[in-house]
Amino acid sequence: MALPLSLGIAVASGAPVMAGLIAAVVGGVVAGLIGGSPLQVSGPAAGLTVVVAELVTNFGWKVTCAITVGAGILQILFGVSRIATAALGIAPVVVHAMLAGIGITIALQQIHVLLGGKSKSSALANISELPERIGDISWADASIGIIVIVVMVGWKFLPARARKIPGPLAAIALATALAAALNLDVERVRLDGNFFDAISLPELPHGNWGGFVLGVLTVALIASVESLLSAVAVDKMHDGPRSRFNRELIGQGSANMTSGLLGGLPVTGVIVRSTANVAAGARTRWSAVLHGVWIFVFAVFLTALVEQIPLAALAGLLVVIGMQLVKLAHMKTALRTGDLWVYGVTVVSVVFLNLLEGVAIGLALAVALVLWRVIRVEINAGPSAVGESGEWLIAVRGSLSFLSMPRLNSALGKVPDNVPVTLEFDVDFLDHAASEMISDWVRAREATGNEVTVIERGRARIEHAPLAPPRRHTGGIIGLTPWRSQRIPLDDKAVADVPASLRSIMAGVTDYHREHADVLRGHLQDVVDYQQPDAFFLTCADSRIMPNIITSSGPGDLFTVRNVGNIVGGPNGGAESIEAALDFAINEVGVGAVVVCGHSSCGAMRAVLDDRRGRELSSDATSSSPIRSWLAQAEPSRTALQLGHPAGRSAARMGFNDVDQLAVVNVAKQVEILSRHHLVGRAAAEARLRIIGLYFDIRTAQVYEVSQTGIHLAGVGHHVSGLLDREVARTSPSESV
């Protein structure tokens, strides 16, 4: 694959043909040995074709080689300074558009060569002179190019066995064989001497040093970004070692220095070759190195064969490769994410200006779009739908700064005289300028006798803006505002009216109404008149357990029952409430799962585990103490732990203490009891619901899944892994079975 690509890119760049092979050899060997991406293959890439062609036109070939050396030095400095990952900060839509623009430019250039002519100096010239070229077409060249295009496009539809041969190699080989067999009069590749004769030292320019420095910077940046993005893509294709980006830049810089010193094209990581490398089963960096060795063998010993390749065949190859850089998936993504304008403007700028200016324009537009999205504020003004007749409501949501003052002033100016106004602010950012403007407008309005009500739902407050520099206020999870760390101040009358024991909770209700009610109201709209929860959730009454938080669920998702120790109990154990809840959840509501959730540092389990208390429970289960009577139902869990229950052993291996081991075993036992329960067991046997055990570790805030054989981290991926582990346990003659 690399041989025809290297030749084609050299031709398209206006460089000596051997320069492409030199770059391929150096990219494979030097970047392969030094670079930080083990399975990435480097060499001349289509992404720099337009830039190199412009440099060759402006400076000549040997100065272009010096620019390549300078770019390599700069890349090494990038790697040594450990800023490689900063290059990944470029918006992906700009990178995708850059590649699409390069692809279109290459296709426009090479279509002229495919038709038997010469490519023009600009995309506009290539487009404007295309009708004339079509009128003077060389059918021999066009036939060869079309054959290559047809083979390349149709190659992916062949059987997998045939596709082991790379499509580009098959297409070029077929076109070359046909041209030779039919003795077609087509222009062929010309190699200026052999591989070693093509090696030449670079030269410095005699002037235009500003353009020289700009060329070094351009080649270094584009080669670095393309190599790093390719390395990221290659990492997603295999399970081997991950790329080390700073080392990869050092390797790419070393390859570019070497290639430039020997008279080769600039080198980058190439996703096409790297994909082929991974697909072929590569495991180490020696695959890339040997690719360079094989290119060297062809370039030194098979030059006569290379010179049989028609230029139209390489043009057809480059047309296909160029159009493959224009991906419909990238356009669809840009459309969905609202970045289509950035994509389109970048593509047009790259095609009709140049690569550097196109990328710069695209980045500027992307930054402007992000800035607009971040600072924009939603302002709605009009008569209120509720309240007194004629009342106006101005609702402001988002980030309110001096940039939004013209829109806000316009909205405030629409309010008629002599009507009450409500200003509702739900903002996460508010600066002094906006605060001052609002305060002045309210004072002026009230001075004329008009009523103004200000409601602040967001965390950024008007009175705070003049006191400190503005900052973004992010809202927390609803309900996660501990009273002991944050109390809502109440006025004197409110404090007098609320008993001391209720002040914290009533302050919390006040905070809820002010901060969260409006948000929660939207989540409750679908469950106002009925509930359809997914699961029956039995957990402990402990105040630290938050079922909806640890399951990321909302209103209407969980049918929750809580008791001391998350115990199912039995008919004689005072569990009528759980019986009723199970009956209602399964037969009336129709839940699909029953969940038992225990937790660490459980006071109930500590009481059960206590030896003295344990003896009392076993001998005095009818004690008048309600808690003792209830916890007696957890005695089977303590016995199971002492007998070495697998879930307890699994928890012990994870470093859980005795109390937490018992909490895990208790969950497993309650799941076992539920599986035999006359309501739950029947529904489970009929595949109407599933039973599962969970365990919440308070210290790490992690949720584990508990089974009869052990405990493992819960979640979709972890759950699948656990199921597989249990299947293995069932089929293996192990002790755990």
# chains A, B, ... in the order shown; residues from 1 in each chain; ligands from 1

$ residues_around --residues "segment 14-21 of chain A" --least-positions-apart "4" --cutoff "6 Å" --atoms "only C-alpha atoms" --output "PDB file with C-alpha atoms, in the first residue's frame"
ATOM      1  CA  SER A   6       4.388   7.445  -1.719  1.00  0.00           C
ATOM      2  CA  LEU A   7       4.908   7.750  -5.472  1.00  0.00           C
ATOM      3  CA  ALA A  10       5.467  12.861  -4.531  1.00  0.00           C
ATOM      4  CA  ALA A  53       3.472  21.869  -3.560  1.00  0.00           C
ATOM      5  CA  GLY A 264      12.775  13.309   1.163  1.00  0.00           C
ATOM      6  CA  LEU A 265       9.228  14.592   1.645  1.00  0.00           C
TER       7      LEU A 265
END

$ select_by_dssp --residues "segment 27-220 of chain A" --states "helix (DSSP H, G or I)" --output "ChimeraX atom specification"
/A:27-34,46-59,61-80,84-89,92-114,123-128,130-135,139-157,162-164,167-181,209-220

$ residues_around --residues "Val300 of chain A" --least-positions-apart "3" --cutoff "8 Å" --atoms "only C-alpha atoms" --output "compact mmCIF listing (two decimals) with N, CA, C and O atoms, in the first residue's frame"
# COMPACT_ATOMS: atom_id res chain seq x y z
N ASN A 194 18.96 6.35 -9.47
CA ASN A 194 18.52 5.36 -8.50
C ASN A 194 18.30 6.00 -7.13
O ASN A 194 18.43 7.21 -6.97
N PHE A 195 17.98 5.17 -6.17
CA PHE A 195 17.63 5.65 -4.84
C PHE A 195 18.75 6.48 -4.23
O PHE A 195 18.52 7.57 -3.69
N PHE A 196 19.98 5.99 -4.36
CA PHE A 196 21.10 6.69 -3.72
C PHE A 196 21.45 7.98 -4.46
O PHE A 196 21.91 8.94 -3.85
N PHE A 296 12.53 0.17 0.88
CA PHE A 296 13.93 0.35 0.46
C PHE A 296 14.32 -0.71 -0.58
O PHE A 296 14.97 -0.41 -1.58
N VAL A 297 13.89 -1.95 -0.35
CA VAL A 297 14.20 -3.03 -1.31
C VAL A 297 13.60 -2.72 -2.67
O VAL A 297 14.26 -2.85 -3.71
N THR A 303 13.60 -0.61 -9.42
CA THR A 303 13.27 0.70 -10.02
C THR A 303 12.71 0.55 -11.43
O THR A 303 11.85 1.33 -11.84

$ closest_atom_pairs --of "segment 219-333 of chain A" --to "segment 340-358 of chain A" --cutoff "10 Å" --atoms "only C-alpha atoms" --output "JSON lines"
{"residue": "A:Val219", "atom": "CA", "partner": "A:Leu356", "partner_atom": "CA", "distance": 9.5}
{"residue": "A:Leu221", "atom": "CA", "partner": "A:Leu356", "partner_atom": "CA", "distance": 9.5}
{"residue": "A:Ile222", "atom": "CA", "partner": "A:Leu356", "partner_atom": "CA", "distance": 8.6}
{"residue": "A:Val326", "atom": "CA", "partner": "A:Val347", "partner_atom": "CA", "distance": 9.7}
{"residue": "A:His330", "atom": "CA", "partner": "A:Tyr343", "partner_atom": "CA", "distance": 8.9}
{"residue": "A:Met331", "atom": "CA", "partner": "A:Leu340", "partner_atom": "CA", "distance": 7.0}
{"residue": "A:Lys332", "atom": "CA", "partner": "A:Leu340", "partner_atom": "CA", "distance": 8.4}
{"residue": "A:Thr333", "atom": "CA", "partner": "A:Leu340", "partner_atom": "CA", "distance": 8.3}

$ write_last_selection --atoms "N, CA, C and O atoms" --output "PDB file, in the first residue's frame"
ATOM      1  N   VAL A 219       4.475  23.350   8.370  1.00  0.00           N
ATOM      2  CA  VAL A 219       4.735  21.913   8.224  1.00  0.00           C
ATOM      3  C   VAL A 219       4.780  21.240   9.590  1.00  0.00           C
ATOM      4  O   VAL A 219       4.221  20.150   9.786  1.00  0.00           O
ATOM      5  N   LEU A 221       3.336  22.144  12.476  1.00  0.00           N
ATOM      6  CA  LEU A 221       2.029  22.071  13.122  1.00  0.00           C
ATOM      7  C   LEU A 221       1.124  21.036  12.458  1.00  0.00           C
ATOM      8  O   LEU A 221       0.498  20.211  13.131  1.00  0.00           O
ATOM      9  N   ILE A 222       1.056  21.082  11.126  1.00  0.00           N
ATOM     10  CA  ILE A 222       0.162  20.155  10.429  1.00  0.00           C
ATOM     11  C   ILE A 222       0.639  18.718  10.608  1.00  0.00           C
ATOM     12  O   ILE A 222      -0.154  17.803  10.876  1.00  0.00           O
ATOM     13  N   VAL A 326     -13.104  13.093   2.391  1.00  0.00           N
ATOM     14  CA  VAL A 326     -14.376  13.803   2.577  1.00  0.00           C
ATOM     15  C   VAL A 326     -15.392  12.776   3.077  1.00  0.00           C
ATOM     16  O   VAL A 326     -15.926  11.988   2.312  1.00  0.00           O
ATOM     17  N   HIS A 330     -18.651  12.710   9.028  1.00  0.00           N
ATOM     18  CA  HIS A 330     -18.207  13.953   9.657  1.00  0.00           C
ATOM     19  C   HIS A 330     -19.203  15.083   9.396  1.00  0.00           C
ATOM     20  O   HIS A 330     -19.462  15.915  10.271  1.00  0.00           O
ATOM     21  N   MET A 331     -19.769  15.126   8.192  1.00  0.00           N
ATOM     22  CA  MET A 331     -20.760  16.156   7.879  1.00  0.00           C
ATOM     23  C   MET A 331     -22.013  15.976   8.725  1.00  0.00           C
ATOM     24  O   MET A 331     -22.585  16.948   9.232  1.00  0.00           O
ATOM     25  N   LYS A 332     -22.475  14.732   8.873  1.00  0.00           N
ATOM     26  CA  LYS A 332     -23.662  14.469   9.685  1.00  0.00           C
ATOM     27  C   LYS A 332     -23.425  14.861  11.140  1.00  0.00           C
ATOM     28  O   LYS A 332     -24.306  15.433  11.793  1.00  0.00           O
ATOM     29  N   THR A 333     -22.220  14.556  11.637  1.00  0.00           N
ATOM     30  CA  THR A 333     -21.890  14.944  13.011  1.00  0.00           C
ATOM     31  C   THR A 333     -21.895  16.453  13.165  1.00  0.00           C
ATOM     32  O   THR A 333     -22.427  16.987  14.147  1.00  0.00           O
TER      33      THR A 333
END

$ atom_distance --atom1 "atom CA of Ala433 of chain A" --atom2 "atom CA of Val370 of chain A"
22.3 Å

$ residues_around --residues "Val595 of chain A" --least-positions-apart "4" --cutoff "7 Å" --atoms "only C-alpha atoms" --output "PyMOL selection string"
chain A and resi 535-538+691-693

$ atom_distance --atom1 "atom CA of Ile83 of chain A" --atom2 "atom CA of Ser37 of chain A"
16.3 Å

$ select_by_dssp --residues "segment 422-481 of chain A" --states "strand (DSSP E)" --output "PyMOL selection string"
chain A and resi 422-430+452-456

$ write_last_selection --atoms "C-alpha atoms" --output "mmCIF file, in the first residue's frame"
data_model
loop_
_atom_site.group_PDB
_atom_site.id
_atom_site.type_symbol
_atom_site.label_atom_id
_atom_site.label_comp_id
_atom_site.auth_asym_id
_atom_site.auth_seq_id
_atom_site.Cartn_x
_atom_site.Cartn_y
_atom_site.Cartn_z
ATOM 1 C CA THR A 422 -41.624 40.323 37.808
ATOM 2 C CA LEU A 423 -37.933 39.859 36.991
ATOM 3 C CA GLU A 424 -37.035 36.168 37.165
ATOM 4 C CA PHE A 425 -33.286 35.370 37.009
ATOM 5 C CA ASP A 426 -31.995 31.822 36.630
ATOM 6 C CA VAL A 427 -28.337 32.561 35.861
ATOM 7 C CA ASP A 428 -25.048 30.852 36.683
ATOM 8 C CA PHE A 429 -22.891 33.915 35.925
ATOM 9 C CA LEU A 430 -23.590 37.580 36.588
ATOM 10 C CA VAL A 452 -41.177 45.324 40.744
ATOM 11 C CA THR A 453 -40.670 41.788 42.064
ATOM 12 C CA VAL A 454 -37.246 40.181 41.668
ATOM 13 C CA ILE A 455 -37.008 36.377 41.843
ATOM 14 C CA GLU A 456 -33.522 34.847 41.755
#

$ residues_around --residues "segment 206-214 of chain A" --least-positions-apart "6" --cutoff "10 Å" --atoms "only C-alpha atoms" --output "mmCIF file with all heavy atoms, in the first residue's frame"
data_model
loop_
_atom_site.group_PDB
_atom_site.id
_atom_site.type_symbol
_atom_site.label_atom_id
_atom_site.label_comp_id
_atom_site.auth_asym_id
_atom_site.auth_seq_id
_atom_site.Cartn_x
_atom_site.Cartn_y
_atom_site.Cartn_z
ATOM 1 N N LEU A 55 5.258 25.183 -1.295
ATOM 2 C CA LEU A 55 6.641 25.463 -0.900
ATOM 3 C C LEU A 55 7.606 25.200 -2.052
ATOM 4 O O LEU A 55 8.558 25.973 -2.273
ATOM 5 C CB LEU A 55 7.015 24.605 0.307
ATOM 6 C CG LEU A 55 6.299 24.922 1.630
ATOM 7 C CD1 LEU A 55 6.688 23.918 2.705
ATOM 8 C CD2 LEU A 55 6.618 26.342 2.082
ATOM 9 N N ASN A 58 7.396 28.091 -4.470
ATOM 10 C CA ASN A 58 7.941 29.362 -3.978
ATOM 11 C C ASN A 58 9.439 29.311 -3.688
ATOM 12 O O ASN A 58 10.135 30.321 -3.845
ATOM 13 C CB ASN A 58 7.202 29.786 -2.706
ATOM 14 C CG ASN A 58 5.750 30.118 -2.977
ATOM 15 O OD1 ASN A 58 5.384 30.485 -4.091
ATOM 16 N ND2 ASN A 58 4.904 29.987 -1.961
ATOM 17 N N PHE A 59 9.949 28.147 -3.254
ATOM 18 C CA PHE A 59 11.332 28.086 -2.788
ATOM 19 C C PHE A 59 12.212 27.125 -3.593
ATOM 20 O O PHE A 59 13.435 27.199 -3.488
ATOM 21 C CB PHE A 59 11.375 27.655 -1.314
ATOM 22 C CG PHE A 59 10.792 28.659 -0.353
ATOM 23 C CD1 PHE A 59 9.503 28.517 0.125
ATOM 24 C CD2 PHE A 59 11.526 29.759 0.060
ATOM 25 C CE1 PHE A 59 8.959 29.422 1.005
ATOM 26 C CE2 PHE A 59 11.002 30.683 0.947
ATOM 27 C CZ PHE A 59 9.708 30.511 1.412
ATOM 28 N N VAL A 63 15.338 23.909 -0.881
ATOM 29 C CA VAL A 63 14.949 24.753 0.253
ATOM 30 C C VAL A 63 13.756 24.131 0.990
ATOM 31 O O VAL A 63 13.662 24.200 2.219
ATOM 32 C CB VAL A 63 14.616 26.177 -0.222
ATOM 33 C CG1 VAL A 63 14.110 27.024 0.943
ATOM 34 C CG2 VAL A 63 15.847 26.823 -0.839
ATOM 35 N N THR A 64 12.864 23.495 0.220
ATOM 36 C CA THR A 64 11.751 22.782 0.853
ATOM 37 C C THR A 64 12.273 21.683 1.776
ATOM 38 O O THR A 64 11.722 21.442 2.858
ATOM 39 C CB THR A 64 10.822 22.180 -0.210
ATOM 40 O OG1 THR A 64 10.320 23.235 -1.047
ATOM 41 C CG2 THR A 64 9.657 21.446 0.427
ATOM 42 N N ALA A 66 15.072 21.851 3.415
ATOM 43 C CA ALA A 66 15.543 22.560 4.604
ATOM 44 C C ALA A 66 14.374 22.911 5.520
ATOM 45 O O ALA A 66 14.486 22.853 6.758
ATOM 46 C CB ALA A 66 16.302 23.817 4.197
ATOM 47 N N ILE A 67 13.240 23.279 4.928
ATOM 48 C CA ILE A 67 12.039 23.557 5.726
ATOM 49 C C ILE A 67 11.599 22.301 6.471
ATOM 50 O O ILE A 67 11.192 22.352 7.641
ATOM 51 C CB ILE A 67 10.915 24.090 4.813
ATOM 52 C CG1 ILE A 67 11.274 25.493 4.312
ATOM 53 C CG2 ILE A 67 9.573 24.095 5.541
ATOM 54 C CD1 ILE A 67 10.294 26.059 3.309
ATOM 55 N N GLY A 70 13.829 21.916 9.452
ATOM 56 C CA GLY A 70 13.429 22.856 10.496
ATOM 57 C C GLY A 70 12.153 22.427 11.202
ATOM 58 O O GLY A 70 12.031 22.551 12.426
ATOM 59 N N ALA A 71 11.201 21.896 10.423
ATOM 60 C CA ALA A 71 9.956 21.416 11.023
ATOM 61 C C ALA A 71 10.232 20.248 11.965
ATOM 62 O O ALA A 71 9.619 20.136 13.035
ATOM 63 C CB ALA A 71 8.971 21.002 9.933
ATOM 64 N N ALA A 220 5.423 21.883 10.580
ATOM 65 C CA ALA A 220 5.539 21.284 11.913
ATOM 66 C C ALA A 220 4.168 21.112 12.565
ATOM 67 O O ALA A 220 3.865 20.057 13.136
ATOM 68 C CB ALA A 220 6.439 22.139 12.794
ATOM 69 N N LEU A 356 -3.057 26.748 5.696
ATOM 70 C CA LEU A 356 -2.851 27.457 6.951
ATOM 71 C C LEU A 356 -3.943 28.490 7.179
ATOM 72 O O LEU A 356 -4.516 28.574 8.268
ATOM 73 C CB LEU A 356 -1.472 28.126 6.958
ATOM 74 C CG LEU A 356 -1.069 28.774 8.280
ATOM 75 C CD1 LEU A 356 -0.992 27.719 9.373
ATOM 76 C CD2 LEU A 356 0.264 29.490 8.145
#

$ atom_distance --atom1 "atom CA of Leu582 of chain A" --atom2 "atom CA of Ala684 of chain A"
12.8 Å

$ closest_residue --among "A:Ala313, A:Ile104, A:Ala276, A:Leu412" --to "Ala175 of chain A" --atoms "only C-alpha atoms"
A:Ala313

$ residues_around --residues "Ala170 of chain A" --least-positions-apart "3" --cutoff "12 Å" --atoms "only C-alpha atoms" --output "ChimeraX atom specification"
/A:1,3-4,147-155,162-167,173-177,313,317
